[in-house]
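Enquirer: Structure: start-v3.tsv, TSV, C-alpha atoms.
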```tsv
chain	number	residue	atom	x	y	z
A	5	MET	CA	0.00	0.00	0.00
A	6	GLY	CA	1.41	3.40	-0.99
A	7	SER	CA	1.80	6.45	1.18
A	8	PRO	CA	-1.46	8.28	1.94
A	9	ILE	CA	0.28	11.65	1.75
A	10	ALA	CA	-0.44	12.25	-1.94
A	11	TYR	CA	-4.16	11.51	-1.59
A	12	ASN	CA	-4.45	13.59	1.59
A	13	LEU	CA	-2.75	16.57	-0.04
A	14	ARG	CA	-5.07	16.49	-3.07
A	15	ARG	CA	-8.13	16.14	-0.85
A	16	LEU	CA	-7.20	18.92	1.59
A	17	ARG	CA	-6.04	21.31	-1.11
A	18	SER	CA	-9.24	20.81	-3.10
A	19	ALA	CA	-11.40	21.24	0.00
A	20	ARG	CA	-9.72	24.58	0.70
A	21	GLY	CA	-9.97	25.75	-2.90
A	22	LEU	CA	-6.22	26.28	-3.26
A	23	SER	CA	-4.00	25.80	-6.29
A	24	GLN	CA	-0.73	23.89	-6.15
A	25	ILE	CA	1.08	27.18	-6.70
A	26	LYS	CA	-0.62	28.82	-3.69
A	27	VAL	CA	0.20	25.90	-1.40
A	28	ALA	CA	3.81	25.75	-2.57
A	29	GLN	CA	4.25	29.48	-2.04
A	30	ALA	CA	2.69	29.38	1.43
A	31	ALA	CA	4.88	26.41	2.37
A	32	GLY	CA	8.04	28.08	1.07
A	33	ILE	CA	8.93	25.34	-1.42
A	34	SER	CA	9.10	25.24	-5.20
A	35	VAL	CA	6.00	24.41	-7.21
A	36	THR	CA	7.80	21.47	-8.79
A	37	ALA	CA	8.74	20.07	-5.38
A	38	TYR	CA	5.14	20.33	-4.20
A	39	GLN	CA	3.78	18.77	-7.41
A	40	ASN	CA	6.14	15.82	-7.01
A	41	ILE	CA	4.97	15.26	-3.43
A	42	GLU	CA	1.29	15.48	-4.33
A	43	ALA	CA	1.79	13.13	-7.28
A	44	GLY	CA	3.53	10.60	-5.02
A	45	ARG	CA	6.83	10.89	-6.87
A	46	ALA	CA	8.77	12.23	-3.88
A	47	GLU	CA	8.87	11.55	-0.14
A	48	PRO	CA	8.98	14.86	1.78
A	49	LYS	CA	11.13	15.56	4.81
A	50	VAL	CA	9.35	16.10	8.13
A	51	SER	CA	10.17	19.82	8.05
A	52	THR	CA	8.65	20.10	4.56
A	53	LEU	CA	5.51	18.29	5.72
A	54	GLN	CA	5.21	20.66	8.65
A	55	SER	CA	5.41	23.64	6.31
A	56	ILE	CA	2.78	22.16	3.98
A	57	ALA	CA	0.50	21.34	6.93
A	58	ARG	CA	0.66	24.99	8.05
A	59	ALA	CA	-0.08	26.13	4.50
A	60	LEU	CA	-3.18	23.91	4.44
A	61	ASP	CA	-4.22	24.79	8.01
A	62	ALA	CA	-4.05	21.12	8.89
A	63	ARG	CA	-2.31	18.89	11.37
A	64	ILE	CA	0.64	16.83	10.20
A	65	GLU	CA	-1.37	13.73	11.18
A	66	ASP	CA	-3.98	14.77	8.60
A	67	LEU	CA	-1.28	14.45	5.93
A	68	VAL	CA	0.39	11.19	6.92
A	69	LEU	CA	-2.40	8.99	8.30
A	70	PRO	CA	-4.74	7.03	6.00
A	71	ALA	CA	-8.07	8.78	5.65
A	72	PRO	CA	-10.91	6.82	7.27
A	73	THR	CA	-13.69	5.74	4.93
A	74	LEU	CA	-17.43	5.33	5.20
A	75	LYS	CA	-19.55	3.17	2.91
A	76	GLY	CA	-23.00	3.15	4.50
A	77	VAL	CA	-23.69	6.82	3.94
A	78	ARG	CA	-26.55	8.74	2.40
A	79	PHE	CA	-24.88	11.93	1.19
A	80	ARG	CA	-26.62	14.05	-1.40
A	81	ALA	CA	-26.18	17.73	-2.21
A	82	PHE	CA	-28.21	20.10	-4.39
A	83	LYS	CA	-25.09	21.60	-5.91
A	84	ARG	CA	-21.74	20.11	-6.83
A	85	LEU	CA	-19.82	20.09	-3.56
A	86	LYS	CA	-16.06	20.32	-3.96
A	87	ARG	CA	-15.55	19.42	-0.32
A	88	ARG	CA	-17.49	16.14	-0.51
A	89	GLU	CA	-14.45	13.93	0.10
A	90	GLN	CA	-13.26	16.11	2.95
A	91	VAL	CA	-16.69	16.18	4.60
A	92	LEU	CA	-16.80	12.37	4.47
A	93	VAL	CA	-13.34	12.11	6.05
A	94	ASP	CA	-14.23	14.64	8.77
A	95	VAL	CA	-17.46	12.80	9.60
A	96	ALA	CA	-15.69	9.42	9.60
A	97	ARG	CA	-13.05	10.68	12.02
A	98	GLN	CA	-15.58	12.35	14.29
A	99	LEU	CA	-17.72	9.21	14.32
A	100	ALA	CA	-14.72	6.97	15.04
A	101	ASP	CA	-13.74	9.19	17.99
A	102	TYR	CA	-17.31	9.16	19.28
A	103	ASN	CA	-17.57	5.36	19.09
A	104	ALA	CA	-14.16	4.90	20.74
A	105	LEU	CA	-15.18	7.15	23.65
A	106	GLU	CA	-18.40	5.20	24.16
A	107	VAL	CA	-16.47	1.94	24.35
A	108	MET	CA	-13.77	3.41	26.61
A	109	LEU	CA	-16.36	4.71	29.08
A	110	GLY	CA	-18.79	1.80	28.79
A	111	GLU	CA	-21.55	4.12	27.60
A	112	LYS	CA	-22.69	2.59	24.33
A	113	ARG	CA	-26.36	3.36	23.86
A	114	PRO	CA	-28.87	1.04	22.17
A	115	TYR	CA	-30.57	2.34	19.05
A	116	LEU	CA	-34.21	2.58	20.07
A	117	LEU	CA	-35.50	2.78	16.49
A	118	GLN	CA	-33.52	-0.12	15.01
A	119	ASP	CA	-36.60	-2.28	14.35
A	120	LEU	CA	-38.63	0.43	12.64
A	121	PRO	CA	-37.05	0.08	9.13
A	122	GLN	CA	-38.27	-3.54	9.13
A	123	SER	CA	-41.75	-2.74	10.43
A	124	GLU	CA	-44.97	-3.31	8.49
A	125	ALA	CA	-45.41	0.44	8.07
A	126	VAL	CA	-42.15	0.63	6.11
A	127	LEU	CA	-42.26	-2.68	4.26
A	128	GLU	CA	-45.94	-2.91	3.37
A	129	LEU	CA	-47.20	0.63	2.81
A	130	PRO	CA	-46.48	2.18	-0.60
A	131	ARG	CA	-43.92	4.99	-0.64
A	132	GLY	CA	-45.50	8.40	-0.12
A	133	ILE	CA	-47.27	10.68	2.33
A	134	ARG	CA	-49.23	7.92	4.06
A	135	ARG	CA	-46.12	5.85	4.77
A	136	ALA	CA	-44.10	8.87	5.90
A	137	THR	CA	-46.75	10.06	8.35
A	138	ALA	CA	-47.31	6.53	9.72
A	139	VAL	CA	-43.58	6.05	10.36
A	140	ALA	CA	-43.29	9.51	11.93
A	141	GLU	CA	-46.09	8.57	14.33
A	142	LYS	CA	-44.41	5.25	15.19
A	143	ALA	CA	-41.02	6.92	15.68
A	144	ARG	CA	-42.50	9.45	18.09
A	145	ALA	CA	-44.20	6.66	20.05
A	146	ALA	CA	-40.98	4.63	20.22
A	147	LEU	CA	-39.18	7.68	21.59
A	148	GLY	CA	-41.78	8.11	24.32
A	149	LEU	CA	-43.25	11.33	22.97
A	150	ASP	CA	-46.84	12.23	23.66
A	151	PRO	CA	-48.83	12.22	20.38
A	152	GLU	CA	-49.25	16.00	20.61
A	153	GLU	CA	-45.95	16.94	22.28
A	154	PRO	CA	-43.66	19.46	20.55
A	155	ILE	CA	-39.99	18.48	20.31
A	156	ARG	CA	-38.08	21.02	22.38
A	157	ASP	CA	-34.61	19.46	22.06
A	158	ILE	CA	-34.19	17.32	18.97
A	159	CYS	CA	-30.48	16.76	19.65
A	160	GLY	CA	-31.13	15.46	23.15
A	161	LEU	CA	-34.06	13.35	21.97
A	162	LEU	CA	-32.09	11.63	19.21
A	163	GLU	CA	-28.92	11.21	21.26
A	164	LYS	CA	-30.95	9.54	24.00
A	165	ALA	CA	-32.31	7.19	21.31
A	166	GLY	CA	-28.79	6.13	20.30
A	167	VAL	CA	-28.42	8.41	17.26
A	168	LYS	CA	-25.18	10.38	17.20
A	169	ILE	CA	-25.53	14.04	16.17
A	170	LEU	CA	-22.41	15.42	14.51
A	171	PRO	CA	-22.24	19.17	13.78
A	172	VAL	CA	-20.14	20.08	10.74
A	173	SER	CA	-19.63	23.50	9.21
A	174	VAL	CA	-19.47	23.62	5.42
A	175	ALA	CA	-19.75	26.96	3.63
A	176	SER	CA	-22.47	25.85	1.24
A	177	ASP	CA	-26.23	26.33	1.13
A	178	GLY	CA	-26.48	23.31	-1.17
A	179	PHE	CA	-25.51	20.82	1.54
A	180	PHE	CA	-27.54	20.50	4.72
A	181	GLY	CA	-26.62	17.14	6.16
A	182	LEU	CA	-25.96	13.45	5.75
A	183	SER	CA	-26.56	10.28	7.70
A	184	VAL	CA	-24.60	7.10	8.41
A	185	ALA	CA	-26.20	3.66	8.59
A	186	PRO	CA	-26.20	1.67	11.87
A	187	TRP	CA	-23.99	-0.98	10.27
A	188	ASP	CA	-21.21	1.51	9.46
A	189	GLY	CA	-20.63	3.03	12.88
A	190	GLY	CA	-23.94	4.84	13.12
A	191	PRO	CA	-26.72	5.56	13.31
A	192	ALA	CA	-25.40	9.07	12.99
A	193	ILE	CA	-26.65	12.33	11.54
A	194	ALA	CA	-24.27	15.09	10.49
A	195	VAL	CA	-25.88	18.54	10.25
A	196	ASN	CA	-24.35	21.51	8.46
A	197	VAL	CA	-24.31	24.23	11.12
A	198	TRP	CA	-22.68	26.87	8.93
A	199	ASP	CA	-23.69	30.22	10.41
A	200	LYS	CA	-25.41	31.38	7.21
A	201	ILE	CA	-27.93	28.52	7.44
A	202	ALA	CA	-31.01	29.02	9.63
A	203	VAL	CA	-31.20	27.09	12.90
A	204	GLU	CA	-34.68	26.05	11.80
A	205	ARG	CA	-32.99	24.30	8.88
A	206	TRP	CA	-30.56	22.53	11.26
A	207	ILE	CA	-33.52	21.15	13.20
A	208	PHE	CA	-35.40	20.19	10.06
A	209	THR	CA	-32.30	18.51	8.61
A	210	ALA	CA	-31.91	16.32	11.70
A	211	ALA	CA	-35.52	15.16	11.36
A	212	HIS	CA	-35.18	14.79	7.57
A	213	GLU	CA	-32.10	12.55	7.91
A	214	LEU	CA	-33.85	10.49	10.58
A	215	GLY	CA	-36.57	9.95	7.99
A	216	HIS	CA	-34.00	8.58	5.57
A	217	LEU	CA	-32.57	6.26	8.26
A	218	LEU	CA	-36.02	4.83	8.91
A	219	LEU	CA	-37.46	4.83	5.38
A	220	HIS	CA	-34.57	4.41	2.95
A	221	LEU	CA	-31.90	2.30	4.63
A	222	SER	CA	-31.34	0.31	1.43
A	223	ALA	CA	-30.18	3.55	-0.26
A	224	TYR	CA	-27.16	3.98	2.03
A	225	ASP	CA	-24.34	3.77	-0.48
A	226	VAL	CA	-21.56	6.38	-0.46
A	227	SER	CA	-21.09	6.06	-4.23
A	228	ARG	CA	-24.59	7.43	-4.89
A	229	THR	CA	-24.58	11.21	-5.21
A	230	GLU	CA	-27.75	12.08	-7.14
A	231	GLU	CA	-30.90	13.15	-5.34
A	232	ASP	CA	-33.94	10.87	-5.50
A	233	SER	CA	-36.92	13.24	-5.58
A	234	ASP	CA	-39.34	10.60	-4.24
A	235	GLU	CA	-37.07	9.84	-1.30
A	236	GLU	CA	-36.61	13.55	-0.59
A	237	LEU	CA	-40.36	14.12	-0.69
A	238	GLU	CA	-40.95	11.27	1.72
A	239	ALA	CA	-38.19	12.34	4.12
A	240	ASN	CA	-39.55	15.90	4.11
A	241	THR	CA	-43.04	14.65	4.88
A	242	PHE	CA	-41.67	12.49	7.68
A	243	ALA	CA	-39.78	15.47	9.14
A	244	SER	CA	-42.84	17.71	8.97
A	245	TYR	CA	-45.05	15.24	10.82
A	246	PHE	CA	-42.31	14.16	13.24
A	247	LEU	CA	-41.77	17.78	14.29
A	248	MET	CA	-45.43	18.84	14.01
A	249	PRO	CA	-47.78	15.91	14.70
A	250	ASP	CA	-51.05	16.68	12.99
A	251	PRO	CA	-53.37	16.70	16.04
A	252	ALA	CA	-51.06	19.12	17.84
A	253	PHE	CA	-50.65	21.31	14.77
A	254	ARG	CA	-54.42	21.55	14.24
A	255	ARG	CA	-54.97	22.29	17.92
A	256	GLU	CA	-52.36	25.05	18.05
A	257	TRP	CA	-53.57	26.55	14.78
A	258	ALA	CA	-57.13	26.63	16.10
A	259	LYS	CA	-56.05	28.15	19.43
A	260	THR	CA	-54.47	31.10	17.63
A	261	SER	CA	-57.53	31.88	15.52
A	262	GLY	CA	-57.93	35.37	17.02
A	263	LEU	CA	-54.46	36.48	15.93
A	264	SER	CA	-53.52	37.95	12.60
A	265	PHE	CA	-52.38	35.49	9.94
A	266	VAL	CA	-48.71	36.44	10.35
A	267	GLU	CA	-48.90	36.26	14.15
A	268	ARG	CA	-50.50	32.83	13.91
A	269	VAL	CA	-47.76	31.49	11.65
A	270	MET	CA	-45.02	32.97	13.83
A	271	LYS	CA	-46.52	31.58	17.03
A	272	VAL	CA	-46.99	28.08	15.65
A	273	LYS	CA	-43.50	28.21	14.16
A	274	GLY	CA	-42.11	29.04	17.61
A	275	ILE	CA	-44.07	26.30	19.36
A	276	PHE	CA	-42.70	23.58	17.11
A	277	HIS	CA	-39.26	25.13	16.39
A	278	VAL	CA	-39.72	24.91	12.65
A	279	SER	CA	-39.35	27.28	9.70
A	280	TYR	CA	-42.24	29.53	8.76
A	281	ARG	CA	-42.18	27.71	5.42
A	282	THR	CA	-42.78	24.38	7.15
A	283	VAL	CA	-45.90	25.87	8.72
A	284	LEU	CA	-47.06	27.26	5.37
A	285	TYR	CA	-46.57	23.93	3.61
A	286	ARG	CA	-48.70	22.23	6.26
A	287	LEU	CA	-51.39	24.86	5.82
A	288	ALA	CA	-51.27	24.37	2.06
A	289	GLU	CA	-51.74	20.65	2.62
A	290	THR	CA	-54.42	20.68	5.31
A	291	THR	CA	-56.55	23.79	4.75
A	292	SER	CA	-58.63	25.28	1.97
A	293	LEU	CA	-55.93	27.89	1.36
A	294	GLY	CA	-53.93	25.51	-0.80
A	295	SER	CA	-51.15	27.19	-2.76
A	296	ASN	CA	-52.75	30.61	-2.07
A	297	VAL	CA	-51.08	30.45	1.35
A	298	TRP	CA	-47.81	31.78	-0.14
A	299	PRO	CA	-48.97	35.12	-1.65
A	300	LEU	CA	-51.40	35.58	1.26
A	301	PHE	CA	-48.64	35.27	3.86
A	302	ASN	CA	-46.31	37.53	1.92
A	303	TYR	CA	-49.03	40.20	1.55
A	304	TRP	CA	-49.83	40.30	5.27
A	305	TYR	CA	-46.16	40.01	6.28
A	306	SER	CA	-45.37	43.06	4.10
A	307	ARG	CA	-48.29	44.95	5.63
A	308	ALA	CA	-47.14	44.08	9.17
A	309	THR	CA	-43.41	44.68	8.82
A	310	GLY	CA	-42.90	46.88	5.79
A	311	GLN	CA	-40.58	44.18	4.45
A	312	SER	CA	-41.33	41.70	1.73
A	313	LEU	CA	-40.28	38.07	1.75
A	314	GLY	CA	-41.23	38.25	-1.89
A	315	ALA	CA	-43.85	36.04	-3.45
A	316	THR	CA	-41.55	35.98	-6.44
A	317	GLN	CA	-38.73	34.70	-4.23
A	318	GLU	CA	-40.68	31.50	-3.85
A	319	PRO	CA	-40.49	29.10	-6.70
A	320	GLU	CA	-43.91	28.78	-8.35
A	321	PRO	CA	-46.35	28.42	-5.46
A	322	LEU	CA	-46.30	24.75	-4.56
A	323	SER	CA	-49.35	22.59	-4.12
A	324	ALA	CA	-49.98	20.58	-0.99
A	325	ASP	CA	-48.41	17.42	-2.42
A	326	SER	CA	-45.33	19.17	-3.79
A	327	PHE	CA	-42.92	19.09	-0.88
A	328	GLN	CA	-39.47	19.92	-2.21
A	329	ALA	CA	-36.10	19.48	-0.57
A	330	SER	CA	-36.14	23.21	0.12
A	331	LEU	CA	-39.08	22.80	2.51
A	332	ALA	CA	-37.37	24.50	5.43
A	333	GLU	CA	-35.86	27.92	4.89
A	334	SER	CA	-32.12	27.62	4.37
A	335	ARG	CA	-30.72	31.15	4.68
A	336	ARG	CA	-30.78	32.50	8.22
A	337	SER	CA	-31.34	36.02	6.92
A	338	LYS	CA	-34.60	34.97	5.27
A	339	GLU	CA	-36.16	33.34	8.31
A	340	PRO	CA	-38.38	35.92	10.09
A	341	GLU	CA	-38.21	35.83	13.89
A	342	ALA	CA	-35.35	33.32	13.72
A	343	ILE	CA	-34.69	31.08	16.72
A	344	SER	CA	-31.31	30.87	18.43
A	345	ARG	CA	-28.48	28.43	17.75
A	346	TRP	CA	-28.90	27.37	21.38
A	347	ASP	CA	-32.01	25.52	20.22
A	348	PHE	CA	-29.73	23.04	18.44
A	349	VAL	CA	-26.93	21.93	20.76
A	350	PRO	CA	-25.80	18.29	20.72
A	351	ASP	CA	-24.13	17.71	24.09
A	352	ARG	CA	-23.57	13.99	24.59
A	353	LEU	CA	-20.11	13.88	22.97
A	354	ASP	CA	-19.03	16.85	25.10
A	355	ARG	CA	-20.21	15.06	28.23
A	356	LEU	CA	-18.29	11.90	27.28
A	357	VAL	CA	-15.17	13.97	26.65
A	358	ARG	CA	-15.47	15.64	30.05
A	359	LYS	CA	-15.85	12.29	31.78
A	360	ALA	CA	-12.83	10.87	29.95
A	361	VAL	CA	-10.70	13.91	30.86
A	362	GLU	CA	-11.73	13.89	34.51
A	363	THR	CA	-10.99	10.16	34.84
A	364	ASP	CA	-7.58	10.64	33.16
A	365	GLN	CA	-8.48	8.39	30.23
A	366	ILE	CA	-7.64	11.05	27.64
A	367	THR	CA	-5.43	14.12	27.69
A	368	LEU	CA	-6.61	17.68	27.28
A	369	SER	CA	-4.98	17.76	23.85
A	370	ARG	CA	-6.89	14.66	22.80
A	371	ALA	CA	-10.11	16.19	24.13
A	372	ALA	CA	-9.56	19.27	21.99
A	373	GLU	CA	-8.87	17.05	19.00
A	374	ILE	CA	-12.07	15.04	19.48
A	375	LEU	CA	-14.19	18.18	19.85
A	376	ARG	CA	-12.43	19.90	16.93
A	377	ILE	CA	-11.62	23.01	18.94
A	378	PRO	CA	-8.30	24.80	19.63
A	379	HIS	CA	-6.31	23.65	22.65
A	380	GLU	CA	-6.69	27.08	24.29
A	381	GLU	CA	-10.47	26.91	23.93
A	382	MET	CA	-10.46	23.42	25.45
A	383	ARG	CA	-8.40	24.65	28.39
A	384	ALA	CA	-10.85	27.54	28.94
A	385	ARG	CA	-13.79	25.16	28.71
A	386	MET	CA	-12.24	22.86	31.31
A	387	ALA	CA	-11.68	25.81	33.64
A	388	SER	CA	-15.37	26.74	33.33
A	389	TRP	CA	-16.70	23.26	34.20
A	390	VAL	CA	-18.84	23.21	37.34
A	391	SER	CA	-20.36	20.25	39.13
```
In structure tokens, how does this file's structure come out?
Expert:
Amino acid sequence: MGSPIAYNLRRLRSARGLSQIKVAQAAGISVTAYQNIEAGRAEPKVSTLQSIARALDARIEDLVLPAPTLKGVRFRAFKRLKRREQVLVDVARQLADYNALEVMLGEKRPYLLQDLPQSEAVLELPRGIRRATAVAEKARAALGLDPEEPIRDICGLLEKAGVKILPVSVASDGFFGLSVAPWDGGPAIAVNVWDKIAVERWIFTAAHELGHLLLHLSAYDVSRTEEDSDEELEANTFASYFLMPDPAFRREWAKTSGLSFVERVMKVKGIFHVSYRTVLYRLAETTSLGSNVWPLFNYWYSRATGQSLGATQEPEPLSADSFQASLAESRRSKEPEAISRWDFVPDRLDRLVRKAVETDQITLSRAAEILRIPHEEMRARMASWVS
């Protein structure tokens, strides 16, 4: 087996959008020397590797160690994502660290939804809205949720159920998340928490990927990159009904009947921690408003705020059965009355890291590495820990 350095250099350089010339210049070596290293024609000295690692803002280990691989992954993106390989490596490493900590501390959690993909609802119902809503109802029941209970902490709920939540930050509004099958180190859901993406979209993505884990487990193949519109539609429907069970949605919508249309949408959105668009899609599906809900909301929102979300910003107004992958608002700037990032905080990995540090099973440097934060930040975090 050849050295992994050449592959790692190509992957990291591509992920950072740098040319060979830029990396060579930043590392203080000739372009030819760098090209020979990246092509595998030359073995670099340690000092040269250190210079290249600094140029790529990477650790030397990232250059010399074989990149971990995942096979049971459902990873689609709406746009060509140059960082796809790097995202997969980052998720694989984070997942490996997470699993190793669980074993080290004896805290492996059972996956409470593992039987659901083989249930009658999944295997016998035809793909579509009916199957998605039935599985959403069964998933909520398996997680001990009241049929009408809003989900206040989706990260805590899923982590308690044995699903690992992995935050990643990728500067792209064409990639929202991916999920890893139970048989490949999961179940795990990686959510793009880039600060330009709305928190509502983070929450929706977690529910959407859970839908894929429960409904489309046979589609978990890392080599597949094209979206399947039917699968996306079904996962969106699952997410909508998982986050907003229909009896609760209808009850809350009825309770707000004395408010203005915009106030009603905003209040229901806040109750269920979803995007305003998720509420509007449900109204389009379940009320007589149909696709008229879009221009109606925009009209009254403009009247109330003096700002337009723009009916023309929407694609053609969608009918009730036309859920698209863009169901939840993606851009944080376009989500009115946006919720806080504190509404999406996975904390189980952090707790495991703290336990491992305090029992002297890992060093502070290793803790920082697992949490993907600078050593100084890890030291400050440790100083702030209270019982």
Enquirer: Between A:Leu219, A:Ser279, A:Leu22, A:Leu60, which is the closest to Leu129 (chain A) once you count only C-alpha atoms?
Expert: A:Leu219
Enquirer: Would you mind telling me which residue in A:Gly262, A:Gly32, A:Pro191, A:Gly160 lies nearest to Arg58 (chain A) when using only C-alpha atoms?
Expert: A:Gly32
Enquirer: Leaving out Arg255 (chain A) and any residue of its chain fewer than 3 positions from it, which residues lie within 12 Å of it when counting all atoms listed in the file, given as a list in words?
Expert: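 Residues meeting the cut-off are Glu152, Glu153, Pro154, Met248, Pro249, Asp250, Pro251, Ala252, Ala258, Lys259, Thr260, Ser261, Val272 and Ile275 of chain A.
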Enquirer: Which distance in Å separates CA of Asn296 (chain A) and CA of Ser312 (chain A), to one decimal?
Expert: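 Atom-to-atom, CA of Asn296 (chain A) to CA of Ser312 (chain A), that is 16.4 Å.
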Enquirer: Using only C-alpha atoms, which protein or nucleic acid residues come within 12 Å of Ala57 (chain A)? Drop anything in the same chain fewer than 3 positions from it, and give the result as a ChimeraX atom specification.
Expert: /A:9,12-13,16-17,27-28,30-32,48,50-54,60-68
Enquirer: Measuring atom to atom with all atoms listed in the file, identify which of A:Asp225, A:Glu204, A:Asp157, A:Glu111 is nearest to Ala185 (chain A).
Expert: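 Among the listed residues, the smallest separation from Ala185 (chain A) belongs to A:Asp225.
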Enquirer: Please indicate the distance in Å from CA of Ser34 (chain A) to CA of Ala10 (chain A), rounded to one decimal place.
Expert: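 Between these atoms lies a distance of 16.4 Å.
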Enquirer: May I ask which of the residues A:Lys112, A:Lys49, A:Arg15, A:Arg358 is the closest one to Lys86 (chain A), counting all atoms listed in the file?
Expert: A:Arg15
Enquirer: Find, counting only C-alpha atoms, the residue in A:Ala145, A:Arg134, A:Val266, A:Phe179 that gets nearest to Tyr303 (chain A).
Expert: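 Among the listed residues, the smallest separation from Tyr303 (chain A) belongs to A:Val266.
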Enquirer: Which residues come within 7 Å of region 369-386 of chain A, counting only C-alpha atoms, excluding same-chain residues fewer than 3 positions away, as a ChimeraX atom specification?
Expert: /A:98,101,357,366,389
Enquirer: Can you write just those residues out, C-alpha atoms, as a short mmCIF file (atom, residue, chain, number, x, y, z; two decimals), in the frame of the given file?
Expert:
```
data_model
loop_
_atom_site.label_atom_id
_atom_site.label_comp_id
_atom_site.auth_asym_id
_atom_site.auth_seq_id
_atom_site.Cartn_x
_atom_site.Cartn_y
_atom_site.Cartn_z
CA GLN A 98 -15.58 12.35 14.29
CA ASP A 101 -13.74 9.19 17.99
CA VAL A 357 -15.17 13.97 26.65
CA ILE A 366 -7.64 11.05 27.64
CA TRP A 389 -16.70 23.26 34.20
#
```
Enquirer: Take CA of Val195 (chain A) and CA of Val172 (chain A) and report the distance between them in Å, one decimal.
Expert: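 Pair CA of Val195 (chain A) / CA of Val172 (chain A) returns 6.0 Å.
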Enquirer: Could I see region 354-368 of chain A restored to N, CA and C atoms, set down as a PDB file, keeping the file's coordinate frame?
Expert:
```pdb
ATOM      1  N   ASP A 354     -19.734  15.969  24.169  1.00  0.00           N
ATOM      2  CA  ASP A 354     -19.030  16.850  25.100  1.00  0.00           C
ATOM      3  C   ASP A 354     -19.018  16.262  26.509  1.00  0.00           C
ATOM      4  N   ARG A 355     -20.147  15.658  26.895  1.00  0.00           N
ATOM      5  CA  ARG A 355     -20.210  15.060  28.230  1.00  0.00           C
ATOM      6  C   ARG A 355     -19.261  13.871  28.333  1.00  0.00           C
ATOM      7  N   LEU A 356     -19.200  13.041  27.281  1.00  0.00           N
ATOM      8  CA  LEU A 356     -18.290  11.900  27.280  1.00  0.00           C
ATOM      9  C   LEU A 356     -16.838  12.370  27.351  1.00  0.00           C
ATOM     10  N   VAL A 357     -16.526  13.433  26.621  1.00  0.00           N
ATOM     11  CA  VAL A 357     -15.170  13.970  26.650  1.00  0.00           C
ATOM     12  C   VAL A 357     -14.823  14.447  28.056  1.00  0.00           C
ATOM     13  N   ARG A 358     -15.736  15.168  28.688  1.00  0.00           N
ATOM     14  CA  ARG A 358     -15.470  15.640  30.050  1.00  0.00           C
ATOM     15  C   ARG A 358     -15.211  14.470  30.996  1.00  0.00           C
ATOM     16  N   LYS A 359     -16.015  13.438  30.898  1.00  0.00           N
ATOM     17  CA  LYS A 359     -15.850  12.290  31.780  1.00  0.00           C
ATOM     18  C   LYS A 359     -14.493  11.622  31.547  1.00  0.00           C
ATOM     19  N   ALA A 360     -14.102  11.502  30.270  1.00  0.00           N
ATOM     20  CA  ALA A 360     -12.830  10.870  29.950  1.00  0.00           C
ATOM     21  C   ALA A 360     -11.643  11.706  30.443  1.00  0.00           C
ATOM     22  N   VAL A 361     -11.763  13.031  30.362  1.00  0.00           N
ATOM     23  CA  VAL A 361     -10.700  13.910  30.860  1.00  0.00           C
ATOM     24  C   VAL A 361     -10.593  13.810  32.375  1.00  0.00           C
ATOM     25  N   GLU A 362     -11.738  13.876  33.048  1.00  0.00           N
ATOM     26  CA  GLU A 362     -11.730  13.890  34.510  1.00  0.00           C
ATOM     27  C   GLU A 362     -11.326  12.561  35.122  1.00  0.00           C
ATOM     28  N   THR A 363     -11.439  11.477  34.353  1.00  0.00           N
ATOM     29  CA  THR A 363     -10.990  10.160  34.840  1.00  0.00           C
ATOM     30  C   THR A 363      -9.621   9.805  34.277  1.00  0.00           C
ATOM     31  N   ASP A 364      -8.947  10.804  33.688  1.00  0.00           N
ATOM     32  CA  ASP A 364      -7.580  10.640  33.160  1.00  0.00           C
ATOM     33  C   ASP A 364      -7.473   9.545  32.099  1.00  0.00           C
ATOM     34  N   GLN A 365      -8.536   9.384  31.307  1.00  0.00           N
ATOM     35  CA  GLN A 365      -8.480   8.390  30.230  1.00  0.00           C
ATOM     36  C   GLN A 365      -8.064   9.011  28.899  1.00  0.00           C
ATOM     37  N   ILE A 366      -8.178  10.334  28.791  1.00  0.00           N
ATOM     38  CA  ILE A 366      -7.640  11.050  27.640  1.00  0.00           C
ATOM     39  C   ILE A 366      -7.010  12.341  28.119  1.00  0.00           C
ATOM     40  N   THR A 367      -6.082  12.857  27.342  1.00  0.00           N
ATOM     41  CA  THR A 367      -5.430  14.120  27.690  1.00  0.00           C
ATOM     42  C   THR A 367      -6.285  15.300  27.228  1.00  0.00           C
ATOM     43  N   LEU A 368      -5.913  16.472  27.703  1.00  0.00           N
ATOM     44  CA  LEU A 368      -6.610  17.680  27.280  1.00  0.00           C
ATOM     45  C   LEU A 368      -6.416  17.917  25.787  1.00  0.00           C
TER      46      LEU A 368
END
```
